[in-house]
Each structure stands twice: as C-alpha cells, then as structure tokens.
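**Q** Here it is, the structure, as structure tokens.
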Amino acid sequence: MSEKPISRYPVPDLNALPEDIREKILSVQEKSGFVPNVFLVLAHRPDEFRAFFAYHDALMEKESGLTKGEREMIVVATSGHNQCIYCVVAHGAILRIREKNPLIADQVAANYRKADISPRQKAMLDFAVKISLNAKEVSDTDFEQLREHGFSDEDIWDIGGISAFFGLSNRMANLTNMRANDEFYLLGRVSRK
C-alpha cells in the first residue's frame, strides 16, 4: 500500500476527532474494510465534514428515479471532466460494483458518449456534464430532452444536484491533493476471494 501523503493539509488522528465523526468513519471502515481517504482529509474541518456528508447522503442514499449505479455514473463522468483523480478512482470502484461491470467506470470516465450505456443514460450524462461545465447554458430544451427519456423534473433536479455537489467535491479533492486509496483501484474489477 502507498506510503505517500493523502493530503497537503494535516490529517487528524482518528482518536482525536469528535465522537460523531469518529463513529461515522469507523462505520464506513467496518462496511468497506478500509477508511476512504476522503473521510480523513475532510475531517480536518469537522463542521464542513458534517455538512459535506449530510448533503452527500441526501443526494446519493435516498429513493430516486435514478438508480444508485446511475448516480455513480454522474459522479464518474463529471469528475473525469473536472480531472479529479480521487473521485474518478473511488466512485469508479463504486460504479463497477453497483453495475456489476468491471469495464463501465473506465468507459464513463474516459468518454461516456462511447461507453456501453443506454441512450437514456447518455442523455443524463450530457446534462450532468453541462451542469458541471456550463450551467449558465441550461435551458428548457435540456429539460424537454430529458423528459423524452423518461426523467421526471425531480430526477432532473437529482442529476443537477449530484453534478453540482461533486463539482465541489472535485475541487476540494484537487485543492487538498487528496490521494485515492490503493484499495479502490481493484474493487469491482476482480472477484473477491
């Protein structure tokens, strides 16, 4: 495993963190088998950590017209455009697991328009990338095109919200020079024995 720093900012000791943050991190560690570096890096500022993960969970864990895999596709596609290594690697692993497809994350990160995904998902990612890179150009036409693919206005909000939130995440990961955990690189690519 890597010995390189995971952030250019100080990473707090797990035992020195407020109880609620420590419990959240330990819960994630128990579920995944390791602590994703994003939790440790963002714990540098506890109030912002709480706000970040509350909004993350509100977008990514709720019932929605988007599948959990589609939500991860949005993260991977927009993070690829924002050149965020951490989010492409970490959420690429989650995407591979959610879709049970070892190839999908690389395709979506490199060029989702040529990925093995449905026309509906391509339309979703076109909109997500537009929100990420050119939100000022969003128009009623974008909504009409998404509705033609079966997305509700609430689904469209979710697509935009996920894209916008991960724009923040991508920028913070690049600011902090957040390093992706080595464990993420193989998740969903090879069978676990």
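Every chain in the structure tokens takes a letter, A first, then B, and so on in the order presented; its residues are numbered from 1, and the ligands are numbered from 1 following the presented order.
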Write down as a VMD selection string the residues belonging to chain A that are assigned alpha helix (DSSP H) by DSSP computed on the backbone.

**A** chain A and resid 19 to 32 37 to 42 46 to 60 68 to 81 85 to 99 104 to 111 119 to 134 140 to 148 153 to 176

**Q** With C-alpha atoms kept, could you save the residues just selected as a short mmCIF file (atom, residue, chain, number, x, y, z; two decimals), in the first residue's frame?

**A**
data_model
loop_
_atom_site.label_atom_id
_atom_site.label_comp_id
_atom_site.auth_asym_id
_atom_site.auth_seq_id
_atom_site.Cartn_x
_atom_site.Cartn_y
_atom_site.Cartn_z
CA GLU A 19 -17.34 11.34 18.60
CA ASP A 20 -19.93 11.66 15.80
CA ILE A 21 -17.24 11.95 13.12
CA ARG A 22 -15.18 9.11 14.57
CA GLU A 23 -18.30 6.89 14.66
CA LYS A 24 -19.12 7.70 11.01
CA ILE A 25 -15.58 6.89 9.91
CA LEU A 26 -15.46 3.64 11.89
CA SER A 27 -18.84 2.64 10.44
CA VAL A 28 -17.54 3.17 6.91
CA GLN A 29 -14.37 1.23 7.76
CA GLU A 30 -16.43 -1.68 9.09
CA LYS A 31 -18.54 -1.78 5.94
CA SER A 32 -15.74 -1.37 3.36
CA ASN A 37 -9.19 8.92 2.45
CA VAL A 38 -11.91 11.49 1.77
CA PHE A 39 -13.20 10.95 5.33
CA LEU A 40 -9.80 11.54 6.89
CA VAL A 41 -8.93 14.53 4.71
CA LEU A 42 -12.23 16.34 5.22
CA PRO A 46 -15.29 18.96 11.43
CA ASP A 47 -18.20 21.34 10.74
CA GLU A 48 -17.57 21.21 6.99
CA PHE A 49 -17.17 17.40 7.20
CA ARG A 50 -20.64 17.12 8.75
CA ALA A 51 -22.23 19.43 6.15
CA PHE A 52 -20.47 17.70 3.25
CA PHE A 53 -21.51 14.19 4.22
CA ALA A 54 -25.06 15.25 5.15
CA TYR A 55 -25.54 16.67 1.65
CA HIS A 56 -23.72 13.71 0.06
CA ASP A 57 -26.02 11.24 1.80
CA ALA A 58 -29.13 13.30 0.95
CA LEU A 59 -28.23 13.07 -2.75
CA MET A 60 -26.72 9.62 -3.01
CA LYS A 68 -27.55 4.02 -7.44
CA GLY A 69 -25.44 2.99 -10.44
CA GLU A 70 -26.70 5.95 -12.48
CA ARG A 71 -25.85 8.31 -9.63
CA GLU A 72 -22.31 6.94 -9.63
CA MET A 73 -22.15 7.35 -13.43
CA ILE A 74 -22.85 11.05 -12.93
CA VAL A 75 -20.04 11.30 -10.39
CA VAL A 76 -17.54 9.47 -12.61
CA ALA A 77 -18.42 11.36 -15.81
CA THR A 78 -18.33 14.82 -14.23
CA SER A 79 -15.23 14.00 -12.18
CA GLY A 80 -13.49 12.88 -15.36
CA HIS A 81 -14.27 16.23 -16.98
CA ILE A 85 -8.37 11.57 -9.82
CA TYR A 86 -9.75 10.84 -6.35
CA CYS A 87 -13.42 10.85 -7.39
CA VAL A 88 -12.83 9.01 -10.67
CA VAL A 89 -10.96 6.25 -8.86
CA ALA A 90 -13.14 6.00 -5.75
CA HIS A 91 -16.52 6.40 -7.43
CA GLY A 92 -15.34 4.36 -10.39
CA ALA A 93 -14.92 1.47 -7.97
CA ILE A 94 -18.42 2.01 -6.58
CA LEU A 95 -19.83 2.25 -10.11
CA ARG A 96 -18.21 -1.06 -11.10
CA ILE A 97 -19.70 -2.70 -8.01
CA ARG A 98 -23.19 -1.16 -8.42
CA GLU A 99 -23.38 -2.07 -12.12
CA ILE A 104 -18.01 0.62 -17.15
CA ALA A 105 -16.13 3.10 -14.96
CA ASP A 106 -13.16 3.41 -17.32
CA GLN A 107 -15.50 3.92 -20.26
CA VAL A 108 -17.59 6.55 -18.49
CA ALA A 109 -14.55 8.42 -17.15
CA ALA A 110 -12.73 8.49 -20.49
CA ASN A 111 -15.67 9.17 -22.85
CA PRO A 119 -29.25 6.35 -24.72
CA ARG A 120 -31.19 7.42 -21.59
CA GLN A 121 -28.00 7.32 -19.53
CA LYS A 122 -26.07 9.22 -22.21
CA ALA A 123 -28.71 11.97 -22.14
CA MET A 124 -28.44 12.02 -18.33
CA LEU A 125 -24.66 12.40 -18.52
CA ASP A 126 -24.86 15.06 -21.25
CA PHE A 127 -26.96 17.11 -18.84
CA ALA A 128 -24.76 16.36 -15.83
CA VAL A 129 -21.62 17.45 -17.69
CA LYS A 130 -23.41 20.59 -18.89
CA ILE A 131 -24.29 21.43 -15.28
CA SER A 132 -20.68 20.79 -14.27
CA LEU A 133 -19.04 22.82 -17.02
CA ASN A 134 -21.64 25.25 -18.42
CA ASP A 140 -35.95 24.44 -21.15
CA THR A 141 -34.76 22.43 -24.15
CA ASP A 142 -32.49 20.42 -21.85
CA PHE A 143 -35.47 19.58 -19.64
CA GLU A 144 -37.58 18.59 -22.65
CA GLN A 145 -34.86 16.25 -23.92
CA LEU A 146 -34.54 14.59 -20.53
CA ARG A 147 -38.31 14.21 -20.19
CA GLU A 148 -38.32 12.45 -23.58
CA ASP A 153 -38.42 17.05 -13.03
CA GLU A 154 -37.34 15.61 -9.65
CA ASP A 155 -34.93 13.24 -11.44
CA ILE A 156 -33.53 16.23 -13.34
CA TRP A 157 -33.01 18.05 -10.04
CA ASP A 158 -31.15 14.96 -8.77
CA ILE A 159 -28.92 14.85 -11.85
CA GLY A 160 -28.09 18.55 -11.45
CA GLY A 161 -27.65 18.31 -7.69
CA ILE A 162 -25.25 15.38 -7.91
CA SER A 163 -23.25 17.08 -10.65
CA ALA A 164 -23.07 20.36 -8.72
CA PHE A 165 -22.19 18.69 -5.42
CA PHE A 166 -19.40 16.67 -6.98
CA GLY A 167 -18.10 19.82 -8.66
CA LEU A 168 -17.46 20.99 -5.09
CA SER A 169 -16.03 17.62 -4.15
CA ASN A 170 -13.74 17.55 -7.21
CA ARG A 171 -12.41 20.99 -6.43
CA MET A 172 -11.77 20.17 -2.77
CA ALA A 173 -10.04 16.93 -3.72
CA ASN A 174 -7.79 18.83 -6.12
CA LEU A 175 -7.19 21.62 -3.58
CA THR A 176 -6.13 19.17 -0.89
#

**Q** What's the separation between atom CA of Met178 of chain A and atom CA of Leu103 of chain A, in Å to one decimal place?

**A**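 Computed distance, atom CA of Met178 of chain A to atom CA of Leu103 of chain A, equals 24.2 Å.
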
**Q** Looking at only C-alpha atoms, which of A:Asn15, A:Ala115, A:Ile6, A:Cys84 is the one that sits closest to Pro36 of chain A?

**A** A:Ile6

**Q** Skip Glu3 of chain A itself and residues of its chain fewer than 2 positions away, then list as a PyMOL selection string all residues within 12 Å of it, counting only C-alpha atoms.

**A** chain A and resi 1+5-7+179+181-182

**Q** Could you please take those selected residues and save N, CA and C atoms as a compact mmCIF listing (two decimals), in the first residue's frame?

**A**
# COMPACT_ATOMS: atom_id res chain seq x y z
N MET A 1 0.82 -1.18 0.00
CA MET A 1 0.00 0.00 0.00
C MET A 1 0.87 1.25 0.00
N PRO A 5 1.66 10.82 1.14
CA PRO A 5 0.65 11.56 1.91
C PRO A 5 -0.70 11.55 1.19
N ILE A 6 -1.78 11.57 1.97
CA ILE A 6 -3.11 11.56 1.37
C ILE A 6 -3.68 12.96 1.21
N SER A 7 -3.00 13.98 1.75
CA SER A 7 -3.47 15.36 1.65
C SER A 7 -2.32 16.31 1.88
N ARG A 179 -5.44 11.88 -2.15
CA ARG A 179 -4.96 10.66 -2.81
C ARG A 179 -5.99 9.55 -2.64
N ASN A 181 -7.32 5.89 -2.17
CA ASN A 181 -6.81 4.68 -1.52
C ASN A 181 -6.44 3.64 -2.57
N ASP A 182 -5.36 2.95 -2.34
CA ASP A 182 -4.94 1.89 -3.27
C ASP A 182 -6.03 0.84 -3.43

**Q** Taking only C-alpha atoms into account, name the residue in A:Gly65, A:Val35, A:Tyr112, A:Ile117 that is nearest to Phe151 of chain A.

**A** A:Gly65

**Q** For the atom pair atom CA of Lys100 of chain A and atom CA of Ser64 of chain A, what is the interatomic distance in Å to one decimal place?

**A**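 According to the coordinates, atom CA of Lys100 of chain A and atom CA of Ser64 of chain A are separated by 19.9 Å.
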